[in-house]
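K.L.:
So here's target.cif (mmCIF, C-alpha atoms and all ligand atoms).
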data_query
loop_
_atom_site.group_PDB
_atom_site.id
_atom_site.type_symbol
_atom_site.label_atom_id
_atom_site.label_comp_id
_atom_site.auth_asym_id
_atom_site.auth_seq_id
_atom_site.Cartn_x
_atom_site.Cartn_y
_atom_site.Cartn_z
ATOM 1 C CA MET A 1 -175.180 92.957 151.830
ATOM 2 C CA ARG A 2 -173.629 92.500 148.415
ATOM 3 C CA ARG A 3 -169.868 92.445 148.405
ATOM 4 C CA ILE A 4 -168.211 94.534 145.759
ATOM 5 C CA LEU A 5 -164.718 93.695 144.593
ATOM 6 C CA GLU A 6 -162.113 96.431 144.848
ATOM 7 C CA PRO A 7 -160.226 97.166 141.587
ATOM 8 C CA GLY A 8 -157.139 95.265 142.816
ATOM 9 C CA GLN A 9 -159.244 92.208 143.599
ATOM 10 C CA ILE A 10 -160.880 92.332 140.172
ATOM 11 C CA GLU A 11 -157.425 92.264 138.594
ATOM 12 C CA ASP A 12 -156.526 89.277 140.784
ATOM 13 C CA VAL A 13 -159.580 87.368 139.566
ATOM 14 C CA ALA A 14 -158.967 88.338 135.942
ATOM 15 C CA GLN A 15 -155.342 87.236 136.086
ATOM 16 C CA ARG A 16 -155.989 83.957 137.851
ATOM 17 C CA PRO A 17 -155.224 81.292 135.264
ATOM 18 C CA LEU A 18 -158.166 79.229 134.125
ATOM 19 C CA PRO A 19 -157.500 75.581 134.991
ATOM 20 C CA ARG A 20 -157.774 73.646 131.718
ATOM 21 C CA LEU A 21 -158.449 70.411 133.562
ATOM 22 C CA ARG A 22 -159.851 69.316 136.896
ATOM 23 C CA LEU A 23 -158.687 65.803 137.723
ATOM 24 C CA PRO A 24 -160.785 63.620 140.053
ATOM 25 C CA ASP A 25 -160.178 63.779 143.788
ATOM 26 C CA ARG A 26 -159.718 60.086 144.633
ATOM 27 C CA ALA A 27 -160.525 60.606 148.319
ATOM 28 C CA HIS A 28 -164.079 61.765 147.628
ATOM 29 C CA VAL A 29 -165.187 61.274 144.027
ATOM 30 C CA PHE A 30 -167.497 58.307 144.561
ATOM 31 C CA SER A 31 -168.542 59.076 148.147
ATOM 32 C CA MET A 32 -169.739 62.529 147.040
ATOM 33 C CA ARG A 33 -171.672 60.882 144.215
ATOM 34 C CA ALA A 34 -173.205 58.419 146.687
ATOM 35 C CA ALA A 35 -174.269 61.235 149.015
ATOM 36 C CA ARG A 36 -175.859 63.172 146.155
ATOM 37 C CA LEU A 37 -177.685 60.073 144.867
ATOM 38 C CA ARG A 38 -179.092 59.448 148.350
ATOM 39 C CA GLN A 39 -180.134 63.064 148.747
ATOM 40 C CA GLN A 40 -181.860 63.104 145.357
ATOM 41 C CA SER A 41 -183.581 59.745 145.969
ATOM 42 C CA GLY A 42 -185.546 61.266 148.843
ATOM 43 C CA LYS A 43 -187.054 64.136 146.834
ATOM 44 C CA ASP A 44 -190.848 64.201 146.458
ATOM 45 C CA ALA A 45 -190.584 64.749 142.716
ATOM 46 C CA ILE A 46 -188.615 61.484 142.318
ATOM 47 C CA GLY A 47 -190.927 58.513 141.790
ATOM 48 C CA GLY A 48 -190.790 55.305 143.858
ATOM 49 C CA SER A 49 -188.974 53.051 141.412
ATOM 50 C CA ILE A 50 -186.543 55.802 140.347
ATOM 51 C CA GLY A 51 -185.892 56.531 144.029
ATOM 52 C CA ASP A 52 -185.114 52.843 144.603
ATOM 53 C CA TYR A 53 -182.733 52.850 141.648
ATOM 54 C CA LEU A 54 -180.930 55.969 142.905
ATOM 55 C CA ARG A 55 -180.512 54.310 146.340
ATOM 56 C CA LEU A 56 -179.115 51.167 144.687
ATOM 57 C CA MET A 57 -176.659 53.311 142.716
ATOM 58 C CA ALA A 58 -175.704 55.105 145.949
ATOM 59 C CA HIS A 59 -174.715 51.740 147.462
ATOM 60 C CA LEU A 60 -172.806 50.986 144.283
ATOM 61 C CA ALA A 61 -170.938 54.315 144.516
ATOM 62 C CA ASP A 62 -170.023 53.554 148.145
ATOM 63 C CA ALA A 63 -168.582 50.205 147.001
ATOM 64 C CA GLN A 64 -166.672 52.041 144.240
ATOM 65 C CA GLN A 65 -165.109 54.401 146.803
ATOM 66 C CA ILE A 66 -163.953 51.468 148.962
ATOM 67 C CA ALA A 67 -162.530 49.632 145.918
ATOM 68 C CA LEU A 68 -160.683 52.756 144.730
ATOM 69 C CA ALA A 69 -158.812 53.071 148.035
ATOM 70 C CA ASP A 70 -157.083 49.721 147.394
ATOM 71 C CA MET A 71 -156.347 50.177 143.711
ATOM 72 C CA GLU A 72 -152.927 51.004 142.339
ATOM 73 C CA SER A 73 -152.894 50.750 138.549
ATOM 74 C CA THR A 74 -149.780 51.092 136.435
ATOM 75 C CA PRO A 75 -149.522 54.679 135.159
ATOM 76 C CA PRO A 76 -148.520 55.497 131.564
ATOM 77 C CA SER A 77 -144.795 55.463 130.831
ATOM 78 C CA ILE A 78 -142.787 58.508 129.708
ATOM 79 C CA GLU A 79 -142.913 57.095 126.150
ATOM 80 C CA GLN A 80 -146.700 56.707 126.281
ATOM 81 C CA ILE A 81 -147.070 60.268 127.562
ATOM 82 C CA ALA A 82 -144.864 61.587 124.734
ATOM 83 C CA HIS A 83 -146.768 59.538 122.137
ATOM 84 C CA ALA A 84 -150.158 60.869 123.313
ATOM 85 C CA ARG A 85 -148.853 64.434 123.214
ATOM 86 C CA THR A 86 -147.339 64.069 119.724
ATOM 87 C CA PHE A 87 -150.539 62.683 118.231
ATOM 88 C CA ARG A 88 -152.928 64.703 120.444
ATOM 89 C CA MET A 89 -154.562 61.475 121.585
ATOM 90 C CA PRO A 90 -156.168 60.626 124.950
ATOM 91 C CA LEU A 91 -153.440 59.497 127.333
ATOM 92 C CA VAL A 92 -155.180 56.338 128.590
ATOM 93 C CA ALA A 93 -157.783 55.796 125.852
ATOM 94 C CA SER A 94 -160.742 53.715 127.003
ATOM 95 C CA ASN A 95 -160.773 51.841 123.683
ATOM 96 C CA GLY A 96 -157.077 51.042 123.413
ATOM 97 C CA TRP A 97 -155.369 51.180 126.787
ATOM 98 C CA PRO A 98 -154.290 47.672 127.946
ATOM 99 C CA ARG A 99 -156.488 47.623 131.031
ATOM 100 C CA GLU A 100 -155.189 45.525 133.886
ATOM 101 C CA GLN A 101 -157.130 42.539 135.126
ATOM 102 C CA HIS A 102 -157.711 43.969 138.601
ATOM 103 C CA TRP A 103 -160.763 45.846 137.260
ATOM 104 C CA ARG A 104 -162.491 42.430 137.342
ATOM 105 C CA ARG A 105 -161.625 42.027 141.028
ATOM 106 C CA THR A 106 -163.288 45.396 141.585
ATOM 107 C CA LEU A 107 -166.401 44.192 139.772
ATOM 108 C CA ARG A 108 -166.541 41.162 142.071
ATOM 109 C CA SER A 109 -166.155 43.323 145.176
ATOM 110 C CA ILE A 110 -168.936 45.660 143.994
ATOM 111 C CA CYS A 111 -171.237 42.679 143.368
ATOM 112 C CA ASP A 112 -170.319 41.160 146.772
ATOM 113 C CA SER A 113 -171.132 44.446 148.465
ATOM 114 C CA LEU A 114 -174.522 44.777 146.731
ATOM 115 C CA ALA A 115 -175.370 41.122 147.484
ATOM 116 C CA MET A 116 -175.225 41.968 151.194
ATOM 117 C CA LEU A 117 -178.126 44.428 150.851
ATOM 118 C CA PRO A 118 -181.245 42.829 152.344
ATOM 119 C CA GLU A 119 -183.507 44.970 150.141
ATOM 120 C CA LEU A 120 -181.805 43.948 146.872
ATOM 121 C CA SER A 121 -184.471 42.872 144.362
ATOM 122 C CA ALA A 122 -184.409 39.291 143.069
ATOM 123 C CA PRO A 123 -183.637 40.318 139.438
ATOM 124 C CA THR A 124 -180.710 42.547 140.498
ATOM 125 C CA ARG A 125 -179.412 39.823 142.820
ATOM 126 C CA ALA A 126 -179.507 37.387 139.889
ATOM 127 C CA VAL A 127 -177.518 39.841 137.705
ATOM 128 C CA CYS A 128 -174.867 40.284 140.425
ATOM 129 C CA ASP A 129 -174.658 36.515 141.012
ATOM 130 C CA GLY A 130 -174.287 35.983 137.261
ATOM 131 C CA LEU A 131 -171.449 38.521 137.033
ATOM 132 C CA ARG A 132 -169.597 36.916 139.943
ATOM 133 C CA VAL A 133 -169.294 33.615 138.074
ATOM 134 C CA LEU A 134 -168.911 34.942 134.512
ATOM 135 C CA GLY A 135 -165.589 33.934 132.916
ATOM 136 C CA ARG A 136 -162.715 36.256 132.046
ATOM 137 C CA GLU A 137 -163.345 36.304 128.297
ATOM 138 C CA SER A 138 -167.042 37.117 128.626
ATOM 139 C CA LEU A 139 -166.351 39.917 131.107
ATOM 140 C CA GLU A 140 -163.642 41.423 128.919
ATOM 141 C CA ALA A 141 -165.987 41.205 125.907
ATOM 142 C CA GLN A 142 -168.702 43.028 127.891
ATOM 143 C CA ALA A 143 -166.204 45.707 128.901
ATOM 144 C CA ASP A 144 -165.046 46.152 125.287
ATOM 145 C CA ALA A 145 -168.634 46.465 124.032
ATOM 146 C CA LEU A 146 -169.554 48.991 126.716
ATOM 147 C CA LEU A 147 -166.484 51.155 126.200
ATOM 148 C CA ALA A 148 -167.012 51.156 122.444
ATOM 149 C CA ALA A 149 -170.757 51.898 122.923
ATOM 150 C CA ARG A 150 -171.639 48.832 120.826
ATOM 151 C CA THR A 151 -175.070 48.664 122.388
ATOM 152 C CA GLU A 152 -176.194 45.563 120.470
ATOM 153 C CA ALA A 153 -173.455 43.520 122.203
ATOM 154 C CA VAL A 154 -174.097 44.899 125.700
ATOM 155 C CA ASP A 155 -175.916 42.951 128.420
ATOM 156 C CA VAL A 156 -178.178 45.820 129.473
ATOM 157 C CA ALA A 157 -179.004 44.529 132.954
ATOM 158 C CA ALA A 158 -175.322 43.972 133.821
ATOM 159 C CA ALA A 159 -174.013 47.149 132.176
ATOM 160 C CA PRO A 160 -174.203 49.569 135.166
ATOM 161 C CA PHE A 161 -172.166 47.182 137.328
ATOM 162 C CA VAL A 162 -169.525 46.474 134.672
ATOM 163 C CA MET A 163 -169.291 50.208 133.965
ATOM 164 C CA ALA A 164 -168.948 50.940 137.691
ATOM 165 C CA ALA A 165 -165.876 48.687 137.934
ATOM 166 C CA LEU A 166 -164.356 50.254 134.805
ATOM 167 C CA GLN A 167 -164.950 53.722 136.292
ATOM 168 C CA VAL A 168 -162.943 52.768 139.391
ATOM 169 C CA TYR A 169 -160.060 51.609 137.198
ATOM 170 C CA TRP A 170 -160.017 54.772 135.057
ATOM 171 C CA VAL A 171 -160.580 57.150 137.977
ATOM 172 C CA ASP A 172 -157.604 55.473 139.674
ATOM 173 C CA LEU A 173 -155.465 56.231 136.609
ATOM 174 C CA ALA A 174 -156.803 59.786 136.126
ATOM 175 C CA SER A 175 -156.407 60.751 139.784
ATOM 176 C CA ARG A 176 -152.682 59.898 139.662
ATOM 177 C CA MET A 177 -151.952 61.978 136.533
ATOM 178 C CA ARG A 178 -150.216 65.318 136.285
ATOM 179 C CA THR A 179 -152.363 67.736 134.303
ATOM 180 C CA ASP A 180 -149.309 68.748 132.250
ATOM 181 C CA ASP A 181 -149.040 65.166 130.948
ATOM 182 C CA ILE A 182 -152.571 65.165 129.529
ATOM 183 C CA PRO A 183 -152.645 66.410 125.938
ATOM 184 C CA GLU A 184 -155.075 68.814 124.327
ATOM 185 C CA LEU A 185 -157.122 66.909 121.770
ATOM 186 C CA ASP A 186 -158.196 67.905 118.270
ATOM 187 C CA VAL A 187 -161.649 66.707 119.354
ATOM 188 C CA PRO A 188 -162.666 69.066 122.165
ATOM 189 C CA GLY A 189 -165.871 67.149 122.929
ATOM 190 C CA ALA A 190 -164.026 64.034 124.157
ATOM 191 C CA CYS A 191 -162.190 63.521 127.449
ATOM 192 C CA PRO A 192 -158.473 64.303 127.021
ATOM 193 C CA THR A 193 -157.576 61.663 129.606
ATOM 194 C CA CYS A 194 -159.526 58.672 128.269
ATOM 195 C CA GLY A 195 -161.434 59.767 125.130
ATOM 196 C CA THR A 196 -164.914 59.064 126.563
ATOM 197 C CA LEU A 197 -167.812 61.453 125.958
ATOM 198 C CA PRO A 198 -169.023 63.670 128.797
ATOM 199 C CA VAL A 199 -172.128 62.767 130.785
ATOM 200 C CA ALA A 200 -173.023 66.418 131.454
ATOM 201 C CA SER A 201 -171.358 69.758 132.060
ATOM 202 C CA VAL A 202 -170.972 71.893 135.166
ATOM 203 C CA VAL A 203 -170.626 75.641 135.510
ATOM 204 C CA ARG A 204 -168.264 75.798 138.474
ATOM 205 C CA ALA A 205 -168.385 78.555 141.077
ATOM 206 C CA GLN A 206 -165.929 80.783 139.171
ATOM 207 C CA GLY A 207 -168.290 80.802 136.177
ATOM 208 C CA PHE A 208 -166.208 78.476 133.998
ATOM 209 C CA ARG A 209 -167.935 75.552 132.337
ATOM 210 C CA TYR A 210 -166.398 72.076 132.432
ATOM 211 C CA LEU A 211 -167.448 68.875 130.691
ATOM 212 C CA HIS A 212 -167.439 65.865 133.049
ATOM 213 C CA CYS A 213 -166.145 62.527 131.729
ATOM 214 C CA ALA A 214 -168.591 59.651 132.157
ATOM 215 C CA LEU A 215 -165.742 57.185 132.744
ATOM 216 C CA CYS A 216 -162.726 58.739 134.486
ATOM 217 C CA ALA A 217 -164.402 61.845 136.017
ATOM 218 C CA THR A 218 -161.835 64.209 134.491
ATOM 219 C CA GLU A 219 -163.357 67.644 133.849
ATOM 220 C CA TRP A 220 -162.140 69.765 130.949
ATOM 221 C CA HIS A 221 -162.955 73.331 130.078
ATOM 222 C CA MET A 222 -165.285 74.337 127.277
ATOM 223 C CA VAL A 223 -166.657 77.839 126.759
ATOM 224 C CA ARG A 224 -170.327 78.337 127.550
ATOM 225 C CA VAL A 225 -173.204 78.565 125.051
ATOM 226 C CA LYS A 226 -171.606 76.050 122.715
ATOM 227 C CA CYS A 227 -172.938 72.633 121.716
ATOM 228 C CA SER A 228 -170.643 70.043 123.345
ATOM 229 C CA HIS A 229 -171.619 67.575 120.610
ATOM 230 C CA CYS A 230 -171.269 69.424 117.264
ATOM 231 C CA LEU A 231 -169.447 72.490 118.676
ATOM 232 C CA THR A 232 -171.669 75.099 117.056
ATOM 233 C CA THR A 233 -172.398 78.294 118.971
ATOM 234 C CA ARG A 234 -175.585 79.057 117.074
ATOM 235 C CA GLY A 235 -179.109 77.951 117.903
ATOM 236 C CA ILE A 236 -178.337 76.949 121.514
ATOM 237 C CA SER A 237 -181.235 77.076 123.950
ATOM 238 C CA TYR A 238 -181.748 76.044 127.566
ATOM 239 C CA GLN A 239 -184.744 73.996 128.663
ATOM 240 C CA PHE A 240 -185.783 73.287 132.225
ATOM 241 C CA ILE A 241 -188.672 71.890 134.195
ATOM 242 C CA GLU A 242 -191.103 74.540 135.371
ATOM 243 C CA ASP A 243 -190.867 74.669 139.198
ATOM 244 C CA GLY A 244 -188.145 71.984 138.941
ATOM 245 C CA PRO A 245 -184.895 71.892 140.911
ATOM 246 C CA PRO A 246 -182.666 74.946 140.541
ATOM 247 C CA GLY A 247 -179.260 74.400 139.072
ATOM 248 C CA ILE A 248 -180.060 72.060 136.196
ATOM 249 C CA ARG A 249 -180.982 72.750 132.593
ATOM 250 C CA ALA A 250 -180.627 70.999 129.267
ATOM 251 C CA GLU A 251 -178.350 72.705 126.749
ATOM 252 C CA CYS A 252 -180.124 72.022 123.448
ATOM 253 C CA CYS A 253 -178.683 72.415 119.970
ATOM 254 C CA ASP A 254 -180.907 73.145 116.984
ATOM 255 C CA THR A 255 -178.136 72.178 114.548
ATOM 256 C CA CYS A 256 -177.605 68.553 115.639
ATOM 257 C CA ARG A 257 -180.843 68.261 117.678
ATOM 258 C CA THR A 258 -179.034 66.831 120.695
ATOM 259 C CA TYR A 259 -178.810 67.997 124.303
ATOM 260 C CA ARG A 260 -176.659 67.545 127.374
ATOM 261 C CA LYS A 261 -177.572 68.673 130.831
ATOM 262 C CA ILE A 262 -175.741 71.583 132.369
ATOM 263 C CA LEU A 263 -175.462 72.065 136.131
ATOM 264 C CA TYR A 264 -174.899 75.381 137.903
ATOM 265 C CA GLN A 265 -172.829 75.089 141.057
ATOM 266 C CA GLU A 266 -173.755 78.644 142.035
ATOM 267 C CA GLN A 267 -177.432 77.625 142.265
ATOM 268 C CA ASP A 268 -176.767 74.363 144.088
ATOM 269 C CA GLY A 269 -173.365 73.802 145.683
ATOM 270 C CA GLU A 270 -173.730 70.013 145.781
ATOM 271 C CA VAL A 271 -174.343 69.287 142.094
ATOM 272 C CA GLU A 272 -172.669 66.080 140.873
ATOM 273 C CA PRO A 273 -172.892 65.344 137.138
ATOM 274 C CA VAL A 274 -173.498 61.586 137.108
ATOM 275 C CA ALA A 275 -175.973 61.683 140.020
ATOM 276 C CA ASP A 276 -177.853 64.796 138.899
ATOM 277 C CA ASP A 277 -178.158 63.551 135.334
ATOM 278 C CA LEU A 278 -179.603 60.255 136.588
ATOM 279 C CA ALA A 279 -181.976 61.981 139.014
ATOM 280 C CA SER A 280 -183.474 64.258 136.346
ATOM 281 C CA LEU A 281 -185.114 61.761 134.006
ATOM 282 C CA ALA A 282 -188.181 64.042 133.874
ATOM 283 C CA LEU A 283 -186.054 66.523 131.943
ATOM 284 C CA ASP A 284 -185.094 63.755 129.483
ATOM 285 C CA LEU A 285 -188.789 63.041 128.882
ATOM 286 C CA LEU A 286 -189.453 66.731 128.228
ATOM 287 C CA LEU A 287 -186.597 66.903 125.712
ATOM 288 C CA SER A 288 -187.590 63.676 124.032
ATOM 289 C CA ASP A 289 -191.112 65.045 123.530
ATOM 290 C CA ALA A 290 -189.570 68.177 122.015
ATOM 291 C CA GLY A 291 -187.657 66.062 119.460
ATOM 292 C CA TYR A 292 -184.123 66.240 120.925
ATOM 293 C CA HIS A 293 -181.828 63.231 121.491
ATOM 294 C CA ARG A 294 -179.350 62.666 124.290
ATOM 295 C CA ALA A 295 -175.813 63.306 123.038
ATOM 296 C CA SER A 296 -174.501 60.413 125.173
ATOM 297 C CA ALA A 297 -175.785 58.009 127.820
ATOM 298 C CA ASN A 298 -175.469 58.063 131.580
ATOM 299 C CA PRO A 299 -172.787 55.523 132.627
ATOM 300 C CA LEU A 300 -175.076 54.099 135.317
ATOM 301 C CA LEU A 301 -177.937 53.773 132.844
ATOM 302 C CA PRO A 302 -175.862 53.006 129.760
ATOM 303 C CA VAL A 303 -178.591 52.115 127.328
ATOM 304 C CA VAL A 304 -181.444 54.595 126.994
HETATM 305 ZN ZN ZN B 1 -162.174 60.386 130.863
HETATM 306 ZN ZN ZN B 2 -174.996 70.482 118.168
#
Rewrite the structure of this file - the entire thing - as structure tokens.
Ligand SMILES: [Zn+2]
Ligand SMILES: [Zn+2]

P.N.:
Amino acid sequence: MRRILEPGQIEDVAQRPLPRLRLPDRAHVFSMRAARLRQQSGKDAIGGSIGDYLRLMAHLADAQQIALADMESTPPSIEQIAHARTFRMPLVASNGWPREQHWRRTLRSICDSLAMLPELSAPTRAVCDGLRVLGRESLEAQADALLAARTEAVDVAAAPFVMAALQVYWVDLASRMRTDDIPELDVPGACPTCGTLPVASVVRAQGFRYLHCALCATEWHMVRVKCSHCLTTRGISYQFIEDGPPGIRAECCDTCRTYRKILYQEQDGEVEPVADDLASLALDLLLSDAGYHRASANPLLPVV
């Protein structure tokens, strides 16, 4: 039976303030991603090698969750918070924040954890072994190139692992923030916490749409039927795979010819932006054939 809201309840819903931001839940952010990656890897529509990759990334997300539990990064000072607010800049900008060296310890622990997998392929094992012995300067240079999306300077094979360690560092920071300390930006398409572009967007159960940061997992509100890249509200269409999974579409813009995927929590309660974006490469192929470009890469598949 359909439940109908009484007038008083409708007023309650209407008056409930819309949360501008949803900060990551440090107890579950990566373990939920791991569970979703595993679930998606078993689907018939997912091919063998993509399934293997999703399972590898699930192990990686488990290692991220373990590393996050031990991390305690230095939060921004009162002066840094005031500065970000005055200039409407991301509070802990990925391309300027003096990241602490413990992100490299996290990278080592992620690589150690993956190296214990008996099914790890020889090429991936070689990448992890290489990262474990790479010097400080080279690792920091890789991190800088990745965060600045300077793809020509990025070691493609190592990128998902380096990005995974950087995600743990920035999720640690974001999960300790107070939403009131995070400024509103002049650039609504970038994460107000760290300035990174979103990987996808999610229409949460209340019907509000949030963009999901590829780095720190902060979610920020943006109205629906609006291009999250060029911000136009005209010429937006939604593409999906015929008979494909419910709850995922590509929001396509005819002005800038880009797309980002949009997930609908009402259709599938377990949607997770990074995992679902990675598990829907068939949709990327469809959009590529139709002449659209991805607005930004998946952090676990940084160069596409
Ligand atoms: Zn962010
Ligand atoms: Zn656009």

K.L.:
What's the separation between atom CA of A:Leu23 and atom CA of A:Arg294, in Å to one decimal place?

P.N.:
24.8 Å

K.L.:
Hey, which of A:Ala297, A:Thr151, A:Gly247, A:Gly235 ends up closest to A:Glu270? Count all atoms listed in the file.

P.N.:
A:Gly247

K.L.:
Grab me every residue within 8 Å of ligand ZN 1 (chain B), counting only C-alpha atoms and all ligand atoms, and send it over as an NGL selection string.

P.N.:
:A and (94 or 170-171 or 174 or 190-198 or 212-219)

K.L.:
Identify, counting all atoms listed in the file, the protein, DNA and RNA residues located within 12 Å of ligand ZN 2 (chain B), and give them as a list of chain:residue names.

P.N.:
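For ligand ZN 2 (chain B), the residues inside 12 Å are A:Gly189, A:Val225, A:Lys226, A:Cys227, A:Ser228, A:His229, A:Cys230, A:Leu231, A:Thr232, A:Thr233, A:Arg234, A:Gly235, A:Ile236, A:Ser237, A:Glu251, A:Cys252, A:Cys253, A:Asp254, A:Thr255, A:Cys256, A:Arg257, A:Thr258, A:Tyr259, A:Arg260, A:Tyr292, A:His293, A:Arg294, A:Ala295.
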
K.L.:
So what do you get for atom CA of A:Arg22 versus atom CA of A:Arg204, distance-wise?

P.N.:
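Here the two named atoms are 10.7 Å from each other.
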
K.L.:
For A:Gln239, which residue among A:Val168, A:Trp103, A:Ala282, A:Ala149 is the nearest when counting only C-alpha atoms?

P.N.:
A:Ala282

K.L.:
Take the PyMOL selection byres (((chain A and resi 240) around 10) and not hetatm), apply it to the structure above, and return the hits as a PyMOL selection string.

P.N.:
chain A and resi 238-239+241-251+261+282-284+286-287

K.L.:
Quick one: distance from atom CA of A:Asp276 to atom CA of A:Leu91 in Å, one decimal?

P.N.:
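Taking atom CA of A:Asp276 as the start and atom CA of A:Leu91 as the end point, the length is 27.5 Å.
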
K.L.:
Which of these, A:Cys128, A:Ala279, A:Leu146, A:Leu68, has the shortest distance to A:Asp52 once you count only C-alpha atoms?

P.N.:
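For A:Asp52, the nearest of the candidates is A:Ala279.
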
K.L.:
Taking only C-alpha atoms into account, which of A:Leu300, A:Leu285, A:Val154, A:Ala69 comes nearest A:Leu37?

P.N.:
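Going through A:Leu300, A:Leu285, A:Val154, A:Ala69 one by one, the smallest distance to A:Leu37 is for A:Leu300.
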
K.L.:
Out of A:Met163, A:Val156, A:Ile66, A:Ala126, which residue has the shortest atom-to-atom distance to A:Arg26 when counting only C-alpha atoms?

P.N.:
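Going through A:Met163, A:Val156, A:Ile66, A:Ala126 one by one, the smallest distance to A:Arg26 is for A:Ile66.
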
K.L.:
Run the PyMOL selection byres (((chain A and resi 120) around 12) and not hetatm) mentally over the shown coordinates, then write out the matched residues as a ChimeraX atom specification, using the chain letters and numbers from the document.

P.N.:
/A:52-53,55-57,59-60,111-119,121-129

K.L.:
Please produce stretch 154-167 of chain A, completed to N, CA, C and O atoms, as a short mmCIF file (atom, residue, chain, number, x, y, z; two decimals), in the frame of the given file.

P.N.:
data_model
loop_
_atom_site.label_atom_id
_atom_site.label_comp_id
_atom_site.auth_asym_id
_atom_site.auth_seq_id
_atom_site.Cartn_x
_atom_site.Cartn_y
_atom_site.Cartn_z
N VAL A 154 -174.15 44.64 124.26
CA VAL A 154 -174.10 44.90 125.70
C VAL A 154 -175.23 44.17 126.41
O VAL A 154 -176.37 44.18 125.96
N ASP A 155 -174.90 43.53 127.54
CA ASP A 155 -175.92 42.95 128.42
C ASP A 155 -176.46 44.11 129.27
O ASP A 155 -175.81 44.59 130.18
N VAL A 156 -177.65 44.57 128.90
CA VAL A 156 -178.18 45.82 129.47
C VAL A 156 -178.30 45.75 131.00
O VAL A 156 -177.93 46.70 131.70
N ALA A 157 -178.79 44.63 131.50
CA ALA A 157 -179.00 44.53 132.95
C ALA A 157 -177.68 44.57 133.72
O ALA A 157 -177.61 45.10 134.84
N ALA A 158 -176.62 44.03 133.12
CA ALA A 158 -175.32 43.97 133.82
C ALA A 158 -174.49 45.24 133.61
O ALA A 158 -173.54 45.49 134.35
N ALA A 159 -174.86 46.03 132.60
CA ALA A 159 -174.01 47.15 132.18
C ALA A 159 -173.65 48.14 133.29
O ALA A 159 -172.48 48.53 133.40
N PRO A 160 -174.60 48.58 134.14
CA PRO A 160 -174.20 49.57 135.17
C PRO A 160 -173.12 49.05 136.11
O PRO A 160 -172.27 49.82 136.56
N PHE A 161 -173.14 47.74 136.38
CA PHE A 161 -172.17 47.18 137.33
C PHE A 161 -170.79 47.04 136.67
O PHE A 161 -169.76 47.32 137.27
N VAL A 162 -170.79 46.58 135.41
CA VAL A 162 -169.52 46.47 134.67
C VAL A 162 -168.93 47.88 134.51
O VAL A 162 -167.73 48.10 134.75
N MET A 163 -169.77 48.84 134.14
CA MET A 163 -169.29 50.21 133.96
C MET A 163 -168.75 50.77 135.28
O MET A 163 -167.73 51.47 135.29
N ALA A 164 -169.40 50.44 136.38
CA ALA A 164 -168.95 50.94 137.69
C ALA A 164 -167.53 50.48 137.99
O ALA A 164 -166.69 51.25 138.48
N ALA A 165 -167.23 49.21 137.68
CA ALA A 165 -165.88 48.69 137.93
C ALA A 165 -164.86 49.36 137.01
O ALA A 165 -163.75 49.70 137.42
N LEU A 166 -165.26 49.58 135.75
CA LEU A 166 -164.36 50.25 134.80
C LEU A 166 -164.11 51.71 135.24
O LEU A 166 -163.00 52.22 135.10
N GLN A 167 -165.13 52.35 135.79
CA GLN A 167 -164.95 53.72 136.29
C GLN A 167 -163.88 53.75 137.39
O GLN A 167 -163.04 54.65 137.41
#
